[in-house]
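Colleague: Sharing run-v9.cif here; it has mmCIF, C-alpha atoms.
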```
data_run
#
loop_
_atom_site.group_PDB
_atom_site.id
_atom_site.type_symbol
_atom_site.label_atom_id
_atom_site.label_comp_id
_atom_site.auth_asym_id
_atom_site.auth_seq_id
_atom_site.Cartn_x
_atom_site.Cartn_y
_atom_site.Cartn_z
ATOM 1 C CA MET A 372 24.954 144.193 135.409
ATOM 2 C CA GLU A 373 26.634 143.813 138.799
ATOM 3 C CA ILE A 374 28.992 141.055 138.314
ATOM 4 C CA ALA A 375 31.044 138.798 139.575
ATOM 5 C CA ILE A 376 34.773 138.886 139.870
ATOM 6 C CA GLY A 377 34.556 139.467 143.593
ATOM 7 C CA GLU A 378 32.012 136.680 143.866
ATOM 8 C CA LEU A 379 34.207 134.414 141.778
ATOM 9 C CA ALA A 380 37.183 135.127 144.008
ATOM 10 C CA ARG A 381 35.097 134.137 147.028
ATOM 11 C CA ILE A 382 34.689 130.699 145.470
ATOM 12 C CA VAL A 383 38.438 130.147 145.870
ATOM 13 C CA SER A 384 38.842 131.886 149.213
ATOM 14 C CA PRO A 385 41.940 131.163 151.304
ATOM 15 C CA VAL A 386 39.936 129.225 153.879
ATOM 16 C CA ASP A 387 39.958 126.311 151.458
ATOM 17 C CA LYS A 388 42.814 123.821 151.352
ATOM 18 C CA PRO A 389 45.935 125.517 149.943
ATOM 19 C CA LEU A 390 46.913 124.568 146.418
ATOM 20 C CA ARG A 391 50.406 123.219 145.844
ATOM 21 C CA GLY A 392 51.212 124.226 142.285
ATOM 22 C CA PRO A 393 49.733 127.017 140.187
ATOM 23 C CA SER A 394 48.132 129.988 141.895
ATOM 24 C CA ARG A 395 44.457 129.843 142.822
ATOM 25 C CA THR A 396 43.714 132.540 140.256
ATOM 26 C CA ALA A 397 45.409 130.413 137.571
ATOM 27 C CA VAL A 398 43.073 127.546 138.450
ATOM 28 C CA LEU A 399 40.092 129.899 138.488
ATOM 29 C CA THR A 400 40.832 131.300 135.040
ATOM 30 C CA ALA A 401 41.347 127.808 133.620
ATOM 31 C CA VAL A 402 37.977 126.756 135.015
ATOM 32 C CA THR A 403 36.212 129.818 133.603
ATOM 33 C CA ARG A 404 37.799 129.163 130.205
ATOM 34 C CA SER A 405 36.274 125.708 130.318
ATOM 35 C CA LEU A 406 32.863 126.915 131.501
ATOM 36 C CA TYR A 407 32.839 129.461 128.686
ATOM 37 C CA ARG A 408 32.391 126.485 126.369
ATOM 38 C CA GLU A 409 28.771 126.498 127.588
ATOM 39 C CA GLU A 410 28.371 129.985 126.109
ATOM 40 C CA PRO A 411 25.341 130.094 123.778
ATOM 41 C CA GLY A 412 27.385 132.028 121.233
ATOM 42 C CA PRO A 413 29.109 133.443 119.417
ATOM 43 C CA MET A 414 32.013 131.227 120.510
ATOM 44 C CA ILE A 415 35.202 133.262 120.236
ATOM 45 C CA PHE A 416 37.626 130.860 121.939
ATOM 46 C CA ASP A 417 37.568 127.155 122.763
ATOM 47 C CA ASP A 418 39.934 125.670 125.345
ATOM 48 C CA ASP A 419 38.971 122.000 125.515
ATOM 49 C CA LEU A 420 41.878 121.154 127.843
ATOM 50 C CA ALA A 421 41.415 123.792 130.533
ATOM 51 C CA PHE A 422 39.017 121.827 132.734
ATOM 52 C CA ASP A 423 41.213 118.734 132.965
ATOM 53 C CA LEU A 424 44.368 120.794 133.450
ATOM 54 C CA ALA A 425 42.806 122.399 136.525
ATOM 55 C CA GLY A 426 42.689 118.982 138.211
ATOM 56 C CA GLU A 427 40.779 118.158 141.383
ATOM 57 C CA GLU A 428 40.885 121.745 142.617
ATOM 58 C CA GLY A 429 39.305 122.866 139.363
ATOM 59 C CA LEU A 430 36.544 120.299 139.698
ATOM 60 C CA VAL A 431 35.616 121.704 143.117
ATOM 61 C CA ILE A 432 35.703 125.297 141.887
ATOM 62 C CA ALA A 433 33.612 124.482 138.816
ATOM 63 C CA GLY A 434 30.953 122.836 140.946
ATOM 64 C CA ARG A 435 30.711 125.841 143.208
ATOM 65 C CA LEU A 436 30.602 128.264 140.282
ATOM 66 C CA ARG A 437 27.678 126.363 138.818
ATOM 67 C CA THR A 438 25.726 126.148 142.061
ATOM 68 C CA GLU A 439 26.530 129.387 143.858
ATOM 69 C CA LEU A 440 26.635 132.023 141.113
ATOM 70 C CA PRO A 441 24.215 133.103 138.402
ATOM 71 C CA ARG A 442 25.249 131.545 135.114
ATOM 72 C CA ALA A 443 25.239 134.971 133.454
ATOM 73 C CA HIS A 444 27.846 136.203 135.924
ATOM 74 C CA VAL A 445 30.149 133.266 135.279
ATOM 75 C CA LEU A 446 29.878 133.805 131.528
ATOM 76 C CA ALA A 447 30.616 137.532 131.901
ATOM 77 C CA PHE A 448 33.864 136.722 133.666
ATOM 78 C CA GLY A 449 34.667 133.905 131.270
ATOM 79 C CA ARG A 450 34.197 136.162 128.264
ATOM 80 C CA TRP A 451 36.992 138.476 129.361
ATOM 81 C CA VAL A 452 39.323 135.575 130.205
ATOM 82 C CA CYS A 453 38.713 134.124 126.739
ATOM 83 C CA ILE A 454 39.033 137.515 125.064
ATOM 84 C CA ARG A 455 42.535 137.816 126.497
ATOM 85 C CA SER A 456 43.506 134.407 125.156
ATOM 86 C CA ARG A 457 41.897 134.920 121.755
ATOM 87 C CA PHE A 458 43.622 138.272 121.275
ATOM 88 C CA SER A 459 47.014 136.794 122.199
ATOM 89 C CA GLU A 460 46.677 133.761 119.956
ATOM 90 C CA ASP A 461 45.496 135.884 117.025
ATOM 91 C CA LEU A 462 48.645 137.965 117.470
ATOM 92 C CA VAL A 463 50.771 134.812 117.405
ATOM 93 C CA GLU A 464 48.994 133.550 114.295
ATOM 94 C CA GLY A 465 49.734 136.802 112.514
ATOM 95 C CA ALA A 466 53.382 136.668 113.575
ATOM 96 C CA VAL A 467 53.775 133.102 112.311
ATOM 97 C CA SER A 468 52.458 134.201 108.923
ATOM 98 C CA ARG A 469 55.387 136.661 108.820
ATOM 99 C CA GLY A 470 57.926 133.995 109.690
ATOM 100 C CA VAL A 471 58.291 134.535 113.450
ATOM 101 C CA ASP A 472 59.204 131.229 115.101
ATOM 102 C CA GLN A 473 59.507 131.992 118.847
ATOM 103 C CA TYR A 474 56.614 132.430 121.284
ATOM 104 C CA VAL A 475 57.160 133.147 124.989
ATOM 105 C CA ILE A 476 54.307 132.765 127.485
ATOM 106 C CA LEU A 477 55.251 134.673 130.641
ATOM 107 C CA GLY A 478 53.559 133.369 133.777
ATOM 108 C CA ALA A 479 52.235 130.462 131.740
ATOM 109 C CA GLY A 480 50.126 128.989 134.545
ATOM 110 C CA LEU A 481 47.603 126.564 133.048
ATOM 111 C CA ASP A 482 47.796 127.982 129.529
ATOM 112 C CA SER A 483 47.141 125.192 127.023
ATOM 113 C CA PHE A 484 48.258 126.795 123.752
ATOM 114 C CA ALA A 485 51.065 124.308 123.117
ATOM 115 C CA TYR A 486 48.740 121.324 123.478
ATOM 116 C CA ARG A 487 45.823 122.708 121.423
ATOM 117 C CA ARG A 488 47.344 124.619 118.528
ATOM 118 C CA ALA A 489 49.150 122.005 116.473
ATOM 119 C CA ASP A 490 48.536 124.221 113.449
ATOM 120 C CA LEU A 491 50.839 126.865 114.937
ATOM 121 C CA MET A 492 53.155 124.608 116.949
ATOM 122 C CA ASN A 493 54.463 123.197 113.680
ATOM 123 C CA HIS A 494 55.992 126.621 113.009
ATOM 124 C CA LEU A 495 56.997 127.722 116.500
ATOM 125 C CA ARG A 496 59.283 127.069 119.396
ATOM 126 C CA VAL A 497 57.194 127.852 122.468
ATOM 127 C CA PHE A 498 58.714 128.810 125.817
ATOM 128 C CA GLU A 499 56.506 128.461 128.896
ATOM 129 C CA VAL A 500 57.998 130.651 131.634
ATOM 130 C CA ASP A 501 56.814 130.071 135.191
ATOM 131 C CA HIS A 502 57.985 129.406 138.724
ATOM 132 C CA PRO A 503 59.704 125.988 138.989
ATOM 133 C CA ALA A 504 57.189 124.600 141.502
ATOM 134 C CA SER A 505 54.188 125.666 139.417
ATOM 135 C CA GLN A 506 55.757 124.277 136.283
ATOM 136 C CA SER A 507 56.537 120.938 137.927
ATOM 137 C CA TRP A 508 52.893 120.615 139.032
ATOM 138 C CA LYS A 509 51.670 121.370 135.520
ATOM 139 C CA ARG A 510 54.013 118.861 133.904
ATOM 140 C CA ASP A 511 52.768 116.180 136.277
ATOM 141 C CA ARG A 512 49.205 117.092 135.373
ATOM 142 C CA ILE A 513 49.966 116.853 131.651
ATOM 143 C CA ARG A 514 51.449 113.383 132.113
ATOM 144 C CA GLU A 515 48.404 112.290 134.106
ATOM 145 C CA MET A 516 46.185 113.441 131.237
ATOM 146 C CA GLY A 517 48.205 111.406 128.757
ATOM 147 C CA ILE A 518 49.103 114.460 126.680
ATOM 148 C CA GLU A 519 52.245 114.189 124.582
ATOM 149 C CA ILE A 520 54.523 117.168 125.118
ATOM 150 C CA PRO A 521 55.429 118.692 121.738
ATOM 151 C CA GLU A 522 59.110 118.477 120.840
ATOM 152 C CA ASN A 523 59.276 122.211 120.218
ATOM 153 C CA LEU A 524 57.793 123.158 123.589
ATOM 154 C CA VAL A 525 60.379 124.376 126.095
ATOM 155 C CA PHE A 526 59.671 124.640 129.809
ATOM 156 C CA ALA A 527 61.628 127.606 131.169
ATOM 157 C CA PRO A 528 61.485 127.492 134.972
ATOM 158 C CA VAL A 529 62.567 130.878 136.303
ATOM 159 C CA ASP A 530 62.990 131.637 139.982
ATOM 160 C CA PHE A 531 63.324 135.411 139.942
ATOM 161 C CA GLU A 532 65.005 135.368 143.336
ATOM 162 C CA ARG A 533 67.928 133.512 141.747
ATOM 163 C CA GLN A 534 68.042 134.543 138.078
ATOM 164 C CA THR A 535 66.832 137.123 135.589
ATOM 165 C CA LEU A 536 64.286 136.504 132.860
ATOM 166 C CA ARG A 537 67.016 136.865 130.253
ATOM 167 C CA GLU A 538 69.176 134.249 131.977
ATOM 168 C CA GLY A 539 66.212 131.905 132.255
ATOM 169 C CA LEU A 540 65.331 132.263 128.586
ATOM 170 C CA GLU A 541 68.853 132.001 127.236
ATOM 171 C CA SER A 542 69.550 128.917 129.348
ATOM 172 C CA THR A 543 66.684 127.139 127.577
ATOM 173 C CA GLY A 544 67.675 128.117 124.045
ATOM 174 C CA PHE A 545 65.759 131.327 123.383
ATOM 175 C CA SER A 546 67.484 133.603 120.865
ATOM 176 C CA PHE A 547 67.355 137.361 121.312
ATOM 177 C CA ALA A 548 68.734 137.651 117.773
ATOM 178 C CA ARG A 549 65.467 136.359 116.282
ATOM 179 C CA ALA A 550 62.003 137.861 116.393
ATOM 180 C CA ALA A 551 59.528 136.619 118.984
ATOM 181 C CA VAL A 552 56.064 137.179 120.424
ATOM 182 C CA PHE A 553 55.626 137.550 124.186
ATOM 183 C CA SER A 554 52.283 136.956 125.919
ATOM 184 C CA TRP A 555 52.099 138.465 129.407
ATOM 185 C CA ILE A 556 48.493 138.007 130.484
ATOM 186 C CA GLY A 557 46.997 138.263 133.971
ATOM 187 C CA VAL A 558 50.309 139.124 135.618
ATOM 188 C CA THR A 559 51.259 142.816 135.712
ATOM 189 C CA MET A 560 48.773 143.803 138.424
ATOM 190 C CA TYR A 561 50.646 141.543 140.852
ATOM 191 C CA LEU A 562 54.073 143.062 140.078
ATOM 192 C CA THR A 563 55.913 146.153 141.247
ATOM 193 C CA LEU A 564 56.751 148.847 138.724
ATOM 194 C CA ASP A 565 60.428 147.869 138.961
ATOM 195 C CA ALA A 566 59.583 144.278 138.030
ATOM 196 C CA ILE A 567 57.462 145.457 135.101
ATOM 197 C CA HIS A 568 60.309 147.699 133.927
ATOM 198 C CA ALA A 569 62.795 144.842 134.117
ATOM 199 C CA THR A 570 60.592 142.552 132.034
ATOM 200 C CA LEU A 571 59.919 145.179 129.372
ATOM 201 C CA ALA A 572 63.640 145.962 129.256
ATOM 202 C CA THR A 573 64.378 142.306 128.556
ATOM 203 C CA ILE A 574 61.736 142.042 125.833
ATOM 204 C CA SER A 575 63.012 145.256 124.232
ATOM 205 C CA LYS A 576 66.364 143.524 123.589
ATOM 206 C CA CYS A 577 64.715 141.226 121.051
ATOM 207 C CA LEU A 578 65.032 141.764 117.334
ATOM 208 C CA PRO A 579 62.993 144.772 116.114
ATOM 209 C CA GLY A 580 59.606 143.579 114.948
ATOM 210 C CA SER A 581 59.144 141.356 117.991
ATOM 211 C CA GLN A 582 55.837 141.873 119.777
ATOM 212 C CA VAL A 583 54.410 141.812 123.276
ATOM 213 C CA VAL A 584 50.799 141.677 124.451
ATOM 214 C CA LEU A 585 50.047 142.300 128.102
ATOM 215 C CA SER A 586 47.042 142.880 130.294
ATOM 216 C CA TYR A 587 46.879 145.573 132.947
ATOM 217 C CA ASN A 588 44.419 146.781 135.556
ATOM 218 C CA GLN A 589 43.162 150.350 135.619
ATOM 219 C CA PRO A 590 43.041 152.476 138.798
ATOM 220 C CA ASN A 591 39.715 153.045 140.521
ATOM 221 C CA ARG A 592 39.590 156.728 139.592
ATOM 222 C CA VAL A 593 38.992 155.984 135.886
ATOM 223 C CA LEU A 594 36.442 153.199 136.322
ATOM 224 C CA ASP A 595 32.735 153.525 135.799
ATOM 225 C CA ASP A 596 30.414 152.543 138.653
ATOM 226 C CA ASN A 597 30.088 148.930 137.597
ATOM 227 C CA ALA A 598 33.799 148.398 137.053
ATOM 228 C CA PHE A 599 34.529 150.057 140.391
ATOM 229 C CA ARG A 600 32.185 147.652 142.189
ATOM 230 C CA VAL A 601 33.898 144.725 140.496
ATOM 231 C CA THR A 602 37.461 145.663 141.315
ATOM 232 C CA SER A 603 36.735 146.926 144.829
ATOM 233 C CA THR A 604 35.279 143.560 145.784
ATOM 234 C CA PHE A 605 38.064 141.544 144.168
ATOM 235 C CA GLN A 606 41.155 143.433 145.345
ATOM 236 C CA PRO A 607 40.944 142.601 149.062
ATOM 237 C CA ILE A 608 40.108 138.959 148.346
ATOM 238 C CA ALA A 609 43.050 138.682 145.940
ATOM 239 C CA ALA A 610 45.270 140.083 148.678
ATOM 240 C CA GLU A 611 43.991 137.475 151.143
ATOM 241 C CA MET A 612 44.801 134.814 148.547
ATOM 242 C CA GLY A 613 48.408 136.034 148.595
ATOM 243 C CA GLU A 614 48.105 137.817 145.254
ATOM 244 C CA PRO A 615 47.503 141.516 146.012
ATOM 245 C CA PHE A 616 47.107 144.041 143.217
ATOM 246 C CA VAL A 617 50.056 146.433 143.333
ATOM 247 C CA SER A 618 50.268 148.075 139.899
ATOM 248 C CA PHE A 619 47.644 150.022 137.967
ATOM 249 C CA PHE A 620 47.775 152.067 134.762
ATOM 250 C CA VAL A 621 45.532 154.282 132.698
ATOM 251 C CA GLN A 622 45.822 153.828 128.941
ATOM 252 C CA GLU A 623 48.102 156.820 128.479
ATOM 253 C CA GLU A 624 50.460 155.636 131.228
ATOM 254 C CA ILE A 625 50.908 152.098 129.951
ATOM 255 C CA GLU A 626 51.370 153.343 126.392
ATOM 256 C CA GLY A 627 53.919 155.901 127.574
ATOM 257 C CA LEU A 628 55.814 153.220 129.472
ATOM 258 C CA LEU A 629 56.020 151.006 126.409
ATOM 259 C CA ARG A 630 57.130 153.895 124.201
ATOM 260 C CA ASN A 631 59.854 154.788 126.713
ATOM 261 C CA PHE A 632 61.274 151.316 126.153
ATOM 262 C CA GLY A 633 61.265 151.810 122.391
ATOM 263 C CA PHE A 634 58.059 149.962 121.554
ATOM 264 C CA GLU A 635 55.985 151.141 118.600
ATOM 265 C CA ASP A 636 52.709 150.316 116.803
ATOM 266 C CA ILE A 637 50.658 150.417 120.004
ATOM 267 C CA VAL A 638 47.248 148.706 119.930
ATOM 268 C CA HIS A 639 44.702 149.101 122.768
ATOM 269 C CA PHE A 640 42.014 146.471 123.255
ATOM 270 C CA GLY A 641 39.252 146.155 125.818
ATOM 271 C CA PRO A 642 35.635 145.053 126.239
ATOM 272 C CA GLN A 643 34.185 147.472 123.695
ATOM 273 C CA GLU A 644 36.775 146.590 121.063
ATOM 274 C CA ALA A 645 35.990 142.923 121.667
ATOM 275 C CA ARG A 646 32.258 143.525 121.219
ATOM 276 C CA THR A 647 32.967 145.180 117.876
ATOM 277 C CA ALA A 648 35.436 142.539 116.695
ATOM 278 C CA TRP A 649 33.786 139.315 117.834
ATOM 279 C CA PHE A 650 30.312 139.936 119.225
ATOM 280 C CA ARG A 651 28.852 141.775 116.224
ATOM 281 C CA GLY A 652 28.633 144.926 118.322
ATOM 282 C CA VAL A 653 26.142 143.374 120.738
ATOM 283 C CA GLU A 654 26.367 144.773 124.284
ATOM 284 C CA VAL A 655 27.221 141.467 125.922
ATOM 285 C CA ALA A 656 28.320 141.640 129.553
ATOM 286 C CA ILE A 657 32.104 141.464 129.864
ATOM 287 C CA ALA A 658 33.458 141.543 133.397
ATOM 288 C CA GLY A 659 36.374 143.433 134.822
ATOM 289 C CA ALA A 660 38.328 146.650 134.689
ATOM 290 C CA GLN A 661 41.249 145.143 132.826
ATOM 291 C CA ARG A 662 42.514 145.980 129.351
ATOM 292 C CA LEU A 663 45.019 144.640 126.842
ATOM 293 C CA ILE A 664 47.795 146.450 125.023
ATOM 294 C CA ALA A 665 50.026 145.138 122.242
ATOM 295 C CA ALA A 666 53.224 146.716 120.978
ATOM 296 C CA THR A 667 56.169 146.063 118.680
ATOM 297 C CA VAL A 668 59.890 146.347 119.431
ATOM 298 C CA GLY A 669 61.168 149.278 117.385
ATOM 299 C CA SER A 670 64.620 149.932 116.002
ATOM 300 C CA SER A 671 65.253 152.391 118.864
ATOM 301 C CA ALA A 672 64.218 149.961 121.611
ATOM 302 C CA ASP A 673 67.746 149.624 123.022
ATOM 303 C CA ASN A 674 67.613 153.066 124.628
ATOM 304 C CA SER A 675 69.078 154.353 127.873
ATOM 305 C CA LEU A 676 65.971 153.566 129.935
ATOM 306 C CA SER A 677 65.984 149.961 128.715
ATOM 307 C CA ARG A 678 69.693 149.554 129.411
ATOM 308 C CA GLU A 679 69.393 150.997 132.889
ATOM 309 C CA SER A 680 66.368 148.861 133.843
ATOM 310 C CA ALA A 681 67.989 145.671 132.548
ATOM 311 C CA ARG A 682 70.983 145.954 134.896
#
```
Spell out the structure here as structure tokens.
Modeller:
Amino acid sequence: MEIAIGELARIVSPVDKPLRGPSRTAVLTAVTRSLYREEPGPMIFDDDLAFDLAGEEGLVIAGRLRTELPRAHVLAFGRWVCIRSRFSEDLVEGAVSRGVDQYVILGAGLDSFAYRRADLMNHLRVFEVDHPASQSWKRDRIREMGIEIPENLVFAPVDFERQTLREGLESTGFSFARAAVFSWIGVTMYLTLDAIHATLATISKCLPGSQVVLSYNQPNRVLDDNAFRVTSTFQPIAAEMGEPFVSFFVQEEIEGLLRNFGFEDIVHFGPQEARTAWFRGVEVAIAGAQRLIAATVGSSADNSLSRESAR
């Protein structure tokens, strides 16, 4: 199936009115999470707040998605967006069962975990890390929706031109002496390798047993024909939107990078693994050339590479 990420990106092209707040791709993914609720099944993830969080811009995008794209294409894209969220939240649920009580959402955007998952929020302190301007817009949106902000939710505005991730976390009460889960979804392809190193170095300073899940984009040379068509149409549009793809990894490279920072217990997860886990092995269309990887901070994580990159 020739699908749709490039077409979806066209829906939020830069000729439209600029968005003051979260990135256009953050709005797009929130909208597709909401439209996934129209999925005939099986339903693997349900974000009942995403549509309202996206605000007026989301309403416009949703209308255009419904009228200008085949429904099957929208669902194919939405499946992968929801797979990412489901995988992350399952990881958090497992960590809570082991007594972990800190959850950090890096590049939180319009993530709605803290407002949906009261079952887990009762056991967690959640840190939403994002740019101050984006975070301010989201907090205004939450107030407009009449949502009560949980007492154990911490907004951690971090302007990386002025402070490090560690400084931003510690200033809001995060403890590197206790285990944590980090979700880093839909971000790494926009970052330089140095920025990725710095973030992994910071996470590696957490207590052994802490976990990270991140998404990454694969380079064109390893993609099949369909995935190549998808990413080759989306990359230039993402660049025009001010969010160019700059970092790519094959599975061996991203695993090697994590191991160099002392991470262990590597788990790879992509469309086929999702079909097996949640779609009863059915060959449903899942868009994109992106994959997930999860890893655990090992006892040797504080190695020379981590120390050097954290400086």
Colleague: Residues picked by the PyMOL selection byres ((chain A and resi 503) around 7) here, as a ChimeraX atom specification?
Modeller: /A:501-502,504-507,528-530
Colleague: Neighbouring residues of A:Glu635 were defined as those with any atom within 8 Å, considering all atoms listed in the file; residues of the same chain fewer than 6 positions away were excluded. Please report them as a ChimeraX atom specification.
Modeller: /A:629,666-669
Colleague: Which residues are close to A:Ala645, i.e. within 12 Å by all atoms listed in the file, leaving aside same-chain residues fewer than 5 positions away? Reply as a PDB file with C-alpha atoms, keeping the file's coordinate frame.
Modeller:
```pdb
ATOM      1  CA  PRO A 413      29.109 133.443 119.417  1.00  0.00           C
ATOM      2  CA  ILE A 415      35.202 133.262 120.236  1.00  0.00           C
ATOM      3  CA  ARG A 450      34.197 136.162 128.264  1.00  0.00           C
ATOM      4  CA  TRP A 451      36.992 138.476 129.361  1.00  0.00           C
ATOM      5  CA  VAL A 452      39.323 135.575 130.205  1.00  0.00           C
ATOM      6  CA  CYS A 453      38.713 134.124 126.739  1.00  0.00           C
ATOM      7  CA  ILE A 454      39.033 137.515 125.064  1.00  0.00           C
ATOM      8  CA  ARG A 455      42.535 137.816 126.497  1.00  0.00           C
ATOM      9  CA  SER A 456      43.506 134.407 125.156  1.00  0.00           C
ATOM     10  CA  ARG A 457      41.897 134.920 121.755  1.00  0.00           C
ATOM     11  CA  PHE A 458      43.622 138.272 121.275  1.00  0.00           C
ATOM     12  CA  HIS A 639      44.702 149.101 122.768  1.00  0.00           C
ATOM     13  CA  PHE A 640      42.014 146.471 123.255  1.00  0.00           C
ATOM     14  CA  PHE A 650      30.312 139.936 119.225  1.00  0.00           C
ATOM     15  CA  ARG A 651      28.852 141.775 116.224  1.00  0.00           C
ATOM     16  CA  GLY A 652      28.633 144.926 118.322  1.00  0.00           C
ATOM     17  CA  VAL A 653      26.142 143.374 120.738  1.00  0.00           C
ATOM     18  CA  GLU A 654      26.367 144.773 124.284  1.00  0.00           C
ATOM     19  CA  VAL A 655      27.221 141.467 125.922  1.00  0.00           C
ATOM     20  CA  ALA A 656      28.320 141.640 129.553  1.00  0.00           C
ATOM     21  CA  ILE A 657      32.104 141.464 129.864  1.00  0.00           C
ATOM     22  CA  ARG A 662      42.514 145.980 129.351  1.00  0.00           C
ATOM     23  CA  LEU A 663      45.019 144.640 126.842  1.00  0.00           C
TER      24      LEU A 663
END
```
Colleague: Counting only C-alpha atoms, select every polymer residue within 12 Å of (55.6, 126.7, 115.8) as defined in the file's coordinates, and provide the selection as a count of residues only.
Modeller: 33
Colleague: Please indicate the distance in Å from atom CA of A:Arg395 to atom CA of A:Met560, rounded to one decimal place.
Modeller: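 Spanning atom CA of A:Arg395 to atom CA of A:Met560 is a straight-line distance of 15.3 Å.
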Colleague: If I take atom CA of A:Gln622 and atom CA of A:Gln643, how far is one from the other in Å, to one decimal?
Modeller: 14.3 Å
Colleague: Would you pick out the contacts of A:Ser670 at 9 Å or less, using only C-alpha atoms, so that residues sharing its chain but fewer than 6 positions from it are not included, and give the list as a list of chain:residue names?
Modeller: A:Leu578, A:Pro579, A:Gly580, A:Gly633, A:Phe634
Colleague: Using the selection just defined, write its residues with C-alpha atoms as a CSV table (one decimal), in the frame of the given file.
Modeller:
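Result file is part.csv:
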```csv
chain,number,residue,atom,x,y,z
A,578,LEU,CA,65.0,141.8,117.3
A,579,PRO,CA,63.0,144.8,116.1
A,580,GLY,CA,59.6,143.6,114.9
A,633,GLY,CA,61.3,151.8,122.4
A,634,PHE,CA,58.1,150.0,121.6
```
Colleague: Quick one: residues within 9 Å of stretch 425-429 of chain A, all atoms listed in the file, excluding same-chain residues fewer than 3 positions away - as JSON, numbers by chain?
Modeller: {"A": [390, 395, 397, 398, 399, 401, 402, 420, 421, 422, 432, 433, 434, 481, 509, 512]}
Colleague: For atom CA of A:Arg514 and atom CA of A:Leu430, determine how far apart the two atoms are, in Å to one decimal place.
Modeller: 18.1 Å
Colleague: Would you please work out which residue, of A:Thr647, A:Thr396, A:Ser483, A:Gln661, is nearest to A:Asp419 when using only C-alpha atoms?
Modeller: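 Once distances to A:Asp419 are computed over only C-alpha atoms, the minimum belongs to A:Ser483.
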